[in-house]
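Enquirer: Got a file for you: input31.csv, CSV, C-alpha atoms.
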chain,number,residue,atom,x,y,z
A,250,MET,CA,130.3,190.5,177.8
A,251,LEU,CA,133.4,192.4,177.0
A,252,SER,CA,136.6,190.7,175.7
A,253,PHE,CA,139.7,190.7,177.9
A,254,THR,CA,141.3,193.2,175.5
A,255,GLU,CA,138.3,195.6,175.7
A,256,GLU,CA,138.5,195.5,179.5
A,257,ASN,CA,142.2,196.2,179.4
A,258,TYR,CA,141.7,199.2,177.3
A,259,LEU,CA,138.9,200.6,179.6
A,260,LYS,CA,141.1,200.0,182.7
A,261,ALA,CA,144.0,201.8,181.0
A,262,LEU,CA,141.8,204.8,180.1
A,263,LEU,CA,140.7,204.9,183.7
A,264,GLN,CA,144.2,204.9,185.0
A,265,LEU,CA,145.3,207.6,182.5
A,266,THR,CA,142.4,209.9,183.3
A,267,ILE,CA,140.4,209.7,186.5
A,268,GLU,CA,143.1,208.3,188.7
A,269,LYS,CA,145.7,210.9,187.5
A,270,VAL,CA,143.3,213.8,188.2
A,271,SER,CA,145.1,216.1,185.9
A,272,LYS,CA,143.0,215.4,182.8
A,273,ALA,CA,139.8,213.7,181.8
A,274,GLU,CA,140.9,212.8,178.3
A,275,VAL,CA,143.9,211.2,176.6
A,276,GLY,CA,145.1,210.9,173.1
A,277,THR,CA,145.4,207.7,171.1
A,278,ASN,CA,149.2,207.7,171.1
A,279,GLU,CA,149.3,208.1,174.8
A,280,LEU,CA,146.9,205.2,175.2
A,281,ALA,CA,148.9,203.0,172.8
A,282,ALA,CA,152.2,203.8,174.7
A,283,HIS,CA,150.6,202.9,178.0
A,284,LEU,CA,149.4,199.5,176.6
A,285,GLY,CA,152.6,198.8,174.6
A,286,VAL,CA,150.7,198.6,171.3
A,287,LYS,CA,150.9,200.4,167.9
A,288,PRO,CA,148.8,203.6,167.6
A,289,ALA,CA,146.9,202.0,164.7
A,290,THR,CA,146.0,199.0,166.9
A,291,ALA,CA,144.8,201.3,169.6
A,292,THR,CA,142.7,203.4,167.1
A,293,ASP,CA,140.9,200.2,165.9
A,294,MET,CA,140.0,199.3,169.5
A,295,VAL,CA,139.0,202.8,170.3
A,296,LYS,CA,136.5,202.8,167.4
A,297,LYS,CA,135.1,199.5,168.6
A,298,LEU,CA,134.7,200.8,172.2
A,299,LYS,CA,133.0,203.9,170.8
A,300,SER,CA,130.5,201.7,168.8
A,301,LYS,CA,129.6,200.1,172.2
A,302,LYS,CA,129.1,203.5,173.7
A,303,LEU,CA,131.8,202.9,176.3
A,304,ILE,CA,134.0,205.9,175.3
A,305,ASN,CA,133.6,209.3,173.7
A,306,TYR,CA,135.9,209.8,170.7
A,307,GLU,CA,136.0,211.7,167.4
A,308,LYS,CA,138.6,211.1,164.7
A,309,TYR,CA,142.0,212.7,165.7
A,310,GLY,CA,140.4,213.8,169.0
A,311,LYS,CA,140.8,212.9,172.6
A,312,ILE,CA,139.3,209.9,174.3
A,313,SER,CA,137.2,209.9,177.5
A,314,LEU,CA,135.1,207.3,179.3
A,315,THR,CA,131.3,207.3,179.2
A,316,ASN,CA,129.4,206.5,182.4
A,317,ASP,CA,129.1,202.8,181.3
A,318,GLY,CA,132.7,202.7,180.3
A,319,ARG,CA,133.8,204.1,183.6
A,320,LYS,CA,131.6,201.6,185.5
A,321,ASN,CA,133.2,198.7,183.6
A,322,ALA,CA,136.7,200.0,184.1
A,323,ILE,CA,136.1,200.4,187.8
A,324,GLU,CA,134.9,196.8,188.1
A,325,VAL,CA,138.1,195.5,186.4
A,326,LEU,CA,140.3,197.7,188.5
A,327,ARG,CA,138.6,196.6,191.7
A,328,LYS,CA,139.0,192.9,190.8
A,329,HIS,CA,142.7,193.5,189.9
A,330,ARG,CA,143.6,195.2,193.1
A,331,LEU,CA,141.6,192.7,195.3
A,332,TRP,CA,143.4,189.8,193.6
A,333,GLU,CA,146.8,191.5,194.1
A,334,THR,CA,145.9,191.9,197.8
A,335,PHE,CA,144.8,188.2,198.1
A,336,LEU,CA,147.9,186.9,196.4
A,337,TYR,CA,150.2,189.0,198.5
A,338,LYS,CA,148.6,188.6,201.9
A,339,LYS,CA,147.2,185.0,201.7
A,340,LEU,CA,149.4,183.2,199.2
A,341,ASP,CA,152.8,184.8,200.0
A,342,PHE,CA,153.4,186.1,196.5
A,343,THR,CA,156.0,188.9,196.5
A,344,TRP,CA,154.8,192.4,195.4
A,345,ASP,CA,156.8,192.1,192.1
A,346,GLU,CA,154.9,188.9,191.2
A,347,ILE,CA,151.3,189.8,191.9
A,348,HIS,CA,150.6,192.3,189.0
A,349,GLU,CA,151.0,189.8,186.2
A,350,VAL,CA,148.9,187.1,187.9
A,351,ALA,CA,146.2,189.7,188.8
A,352,GLU,CA,146.1,190.7,185.1
A,353,GLN,CA,144.7,187.2,184.4
A,354,LEU,CA,142.4,187.0,187.4
A,355,GLU,CA,140.8,190.4,186.9
A,356,HIS,CA,138.7,189.1,184.0
A,357,ILE,CA,136.7,186.6,186.2
A,358,GLN,CA,133.1,187.6,185.8
A,359,SER,CA,131.5,186.3,189.1
A,360,ALA,CA,130.3,189.3,191.1
A,361,LYS,CA,129.6,186.9,194.0
A,362,LEU,CA,133.2,185.8,194.1
A,363,VAL,CA,134.5,189.3,194.1
A,364,GLU,CA,132.3,190.4,197.0
A,365,LYS,CA,133.2,187.3,199.0
A,366,LEU,CA,136.9,188.0,198.2
A,367,ASP,CA,136.5,191.5,199.5
A,368,LYS,CA,134.8,190.3,202.7
A,369,PHE,CA,137.5,187.6,203.2
A,370,LEU,CA,140.2,190.2,203.0
A,371,GLY,CA,138.5,192.5,205.5
A,372,TYR,CA,137.4,195.1,202.9
A,373,PRO,CA,140.9,196.5,202.2
A,374,GLU,CA,141.2,200.1,201.0
A,375,PHE,CA,144.6,199.8,199.4
A,376,ASP,CA,146.5,197.1,197.5
A,377,PRO,CA,150.1,196.1,198.2
A,378,HIS,CA,151.5,198.7,195.9
A,379,GLY,CA,149.6,201.5,197.8
A,380,ASP,CA,146.9,202.0,195.2
A,381,ALA,CA,143.3,202.6,196.3
A,382,ILE,CA,140.8,199.8,195.8
A,383,PRO,CA,137.4,200.8,194.5
A,384,ASN,CA,134.7,199.7,196.9
A,385,SER,CA,131.5,197.7,196.1
A,386,LYS,CA,129.7,200.9,195.2
A,387,GLY,CA,132.2,201.8,192.5
A,388,GLU,CA,133.7,204.6,194.6
A,389,LEU,CA,137.4,205.2,194.1
A,390,LYS,CA,139.5,207.4,196.3
A,391,VAL,CA,141.5,209.7,194.1
A,392,MET,CA,144.4,211.4,195.8
A,393,VAL,CA,146.8,214.0,194.5
A,394,LYS,CA,150.1,212.4,195.1
A,395,LYS,CA,153.6,213.9,195.3
A,396,THR,CA,156.7,212.0,194.2
A,397,LEU,CA,160.1,211.6,195.8
A,398,SER,CA,161.6,213.8,193.1
A,399,GLU,CA,159.7,216.8,194.5
A,400,VAL,CA,161.2,216.5,198.0
A,401,GLU,CA,163.7,219.2,198.9
A,402,VAL,CA,167.2,218.3,200.1
A,403,GLY,CA,167.3,217.9,203.9
A,404,ASN,CA,163.6,217.0,204.1
A,405,SER,CA,162.1,213.6,205.0
A,406,CYS,CA,159.0,211.8,203.7
A,407,LYS,CA,157.2,208.5,203.8
A,408,MET,CA,156.6,206.2,200.8
A,409,ILE,CA,152.9,205.5,200.3
A,410,ALA,CA,152.8,203.9,196.8
A,411,VAL,CA,154.6,203.2,193.5
A,412,LYS,CA,153.7,204.5,190.1
A,413,ASP,CA,155.5,201.7,188.2
A,414,ASN,CA,154.2,198.2,189.0
A,415,SER,CA,156.7,196.4,186.8
A,416,ALA,CA,158.7,193.5,188.3
A,417,PRO,CA,162.1,195.1,187.5
A,418,PHE,CA,161.2,198.4,189.2
A,419,LEU,CA,159.7,196.7,192.3
A,420,GLN,CA,162.7,194.5,192.7
A,421,TYR,CA,164.9,197.6,192.5
A,422,VAL,CA,162.8,199.3,195.1
A,423,VAL,CA,163.3,196.4,197.5
A,424,LYS,CA,167.1,196.4,196.7
A,425,VAL,CA,167.2,200.0,197.8
A,426,GLY,CA,165.5,199.0,201.0
A,427,LEU,CA,162.2,200.7,200.4
A,428,GLY,CA,158.6,199.5,201.0
A,429,ILE,CA,155.2,200.9,201.7
A,430,ASN,CA,155.5,203.3,204.7
A,431,SER,CA,159.3,203.4,204.6
A,432,LYS,CA,160.7,206.7,205.9
A,433,ILE,CA,163.0,208.4,203.4
A,434,LYS,CA,165.4,211.4,203.9
A,435,VAL,CA,166.7,213.3,200.9
A,436,VAL,CA,170.4,213.9,201.6
A,437,SER,CA,171.5,215.6,198.4
A,438,LYS,CA,170.8,216.1,194.7
A,439,GLN,CA,173.4,216.4,191.9
A,440,SER,CA,172.6,219.0,189.3
A,441,TYR,CA,175.0,217.4,186.8
A,442,ASP,CA,173.3,214.0,186.3
A,443,SER,CA,170.2,214.5,188.6
A,444,LEU,CA,171.2,211.7,190.9
A,445,ILE,CA,169.4,211.9,194.3
A,446,GLU,CA,171.0,210.6,197.4
A,447,ILE,CA,168.5,209.2,199.9
A,448,GLU,CA,168.8,207.6,203.3
A,449,VAL,CA,166.6,204.7,204.4
A,450,ASN,CA,167.0,203.1,207.8
A,451,GLY,CA,170.5,204.5,208.1
A,452,LYS,CA,171.6,203.3,204.7
A,453,LYS,CA,172.4,205.7,201.9
A,454,SER,CA,171.7,205.1,198.2
A,455,SER,CA,171.9,207.1,195.0
A,456,VAL,CA,168.8,206.8,192.8
A,457,SER,CA,168.0,208.4,189.5
A,458,GLN,CA,165.4,211.1,188.8
A,459,LYS,CA,163.3,208.5,186.9
A,460,PHE,CA,163.3,206.3,190.0
A,461,ALA,CA,162.3,209.2,192.2
A,462,GLU,CA,159.4,210.1,189.9
A,463,ASN,CA,158.0,206.6,190.4
A,464,ILE,CA,157.9,206.7,194.2
A,465,PHE,CA,154.8,208.4,195.7
A,466,ILE,CA,155.3,210.0,199.1
A,467,VAL,CA,153.7,212.1,201.8
A,468,THR,CA,155.8,214.6,203.7
A,469,LYS,CA,156.0,214.7,207.5
Would you put the structure from the file into structure tokens?
Expert:
Amino acid sequence: MLSFTEENYLKALLQLTIEKVSKAEVGTNELAAHLGVKPATATDMVKKLKSKKLINYEKYGKISLTNDGRKNAIEVLRKHRLWETFLYKKLDFTWDEIHEVAEQLEHIQSAKLVEKLDKFLGYPEFDPHGDAIPNSKGELKVMVKKTLSEVEVGNSCKMIAVKDNSAPFLQYVVKVGLGINSKIKVVSKQSYDSLIEIEVNGKKSSVSQKFAENIFIVTK
């Protein structure tokens, strides 16, 4: 049995490595920043996870998941995203509310409950934020995603997911008029302050570069 904190660290490592495709290892400072803890705190937990053979790590070196570590991380992520889907589709939670609640529910240990939940939901492949849900075999679809910031002026695209799951960002996304599968046209980009003017359902809005970097899209 792993503690909630240990599971959170493994899930964070999975999200920082395998899901992002670009790298299989991360540094302690990057992990600490992702979790919102001090580097020293992260280092202590990293040592503990290494002692349990869940990660590979040498002092001052990079961190990567072992096979057992990855298996545990996938299980936590699977539960998290299934619970998000359940809360959103069956209990009418808004998409900016579900992340925090799922953070608590993801630590439930009943494998039978998770499988029944998956079946009850119709074996969904993606959660309400557009993220892939690992299946019962531990398989996770990893896609190379482009962001809104990469779309050229005059081109259109479709929003498929968000990078930032925080409530303030998701509320902002809704305010702009965006949601999963929304069609977006990039009207203009300002070189001075990097503001990007977009059009959604006939309504124009100006968003920051940071905002655009947190919107995953596919081009038409």
Enquirer: Please identify all polymer residues within 10 Å of segment 361-366 of chain A, counting only C-alpha atoms, omitting same-chain residues fewer than 4 positions from it, and present them as a PDB file with C-alpha atoms, in the frame of the given file.
Expert:
ATOM      1  CA  GLU A 324     134.900 196.800 188.100  1.00  0.00           C
ATOM      2  CA  ARG A 327     138.600 196.600 191.700  1.00  0.00           C
ATOM      3  CA  LYS A 328     139.000 192.900 190.800  1.00  0.00           C
ATOM      4  CA  LEU A 331     141.600 192.700 195.300  1.00  0.00           C
ATOM      5  CA  TRP A 332     143.400 189.800 193.600  1.00  0.00           C
ATOM      6  CA  THR A 334     145.900 191.900 197.800  1.00  0.00           C
ATOM      7  CA  PHE A 335     144.800 188.200 198.100  1.00  0.00           C
ATOM      8  CA  GLU A 355     140.800 190.400 186.900  1.00  0.00           C
ATOM      9  CA  ILE A 357     136.700 186.600 186.200  1.00  0.00           C
ATOM     10  CA  LEU A 370     140.200 190.200 203.000  1.00  0.00           C
ATOM     11  CA  GLY A 371     138.500 192.500 205.500  1.00  0.00           C
ATOM     12  CA  TYR A 372     137.400 195.100 202.900  1.00  0.00           C
ATOM     13  CA  ASN A 384     134.700 199.700 196.900  1.00  0.00           C
ATOM     14  CA  SER A 385     131.500 197.700 196.100  1.00  0.00           C
TER      15      SER A 385
END
Enquirer: May I ask which of the residues A:Val325, A:Ser300, A:Glu374, A:Ile447 is the closest one to Ala360 of chain A, counting all atoms listed in the file?
Expert: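 With all atoms listed in the file as the atom set, the closest residue is A:Val325.
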Enquirer: Looking at A:Asp345, A:Val391, A:Ile464, A:Phe369, which one is nearest to Ala416 of chain A, with distances taken over only C-alpha atoms?
Expert: A:Asp345
Enquirer: Which one is closest to Lys453 of chain A: A:Thr277, A:Ser359, A:Ser437, A:Ser252? Count only C-alpha atoms.
Expert: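 Once distances to Lys453 of chain A are computed over only C-alpha atoms, the minimum belongs to A:Ser437.
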Enquirer: Rank A:Val400, A:Ala261, A:Ile267, A:Ala282 by their smallest atom-to-atom distance to Glu446 of chain A, using all atoms listed in the file, and report the top residue only.
Expert: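 Among the listed residues, the smallest separation from Glu446 of chain A belongs to A:Val400.
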Enquirer: Restricting the calculation to all atoms listed in the file, which member of A:Glu462, A:Lys407, A:Lys395, A:Met294 is positioned closest to Asn450 of chain A?
Expert: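 Looking only at the distances to Asn450 of chain A, the closest residue turns out to be A:Lys407.
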Enquirer: Tell me which protein, DNA and RNA residues are within 12 Å of Asp442 of chain A, counting all atoms listed in the file, leaving out same-chain ones fewer than 5 positions away, and put them as a list of chain:residue names.
Expert: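 The contact residues come out as A:Ser455, A:Val456, A:Ser457, A:Gln458, A:Lys459.
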Enquirer: Find the distance between atom CA of Arg319 of chain A and atom CA of Gly387 of chain A and write it in Å to one decimal.
Expert: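 Those two atoms sit 9.3 Å apart.
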Enquirer: For Ile323 of chain A, which residue out of A:Lys308, A:Lys368, A:Lys302, A:Lys386 is the nearest one, using all atoms listed in the file?
Expert: A:Lys386
Enquirer: Using atom CA of Val275 of chain A and atom CA of Asp413 of chain A as the two end points, give the distance in Å to one decimal.
Expert: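 That distance, rounded to one decimal, is 19.0 Å.
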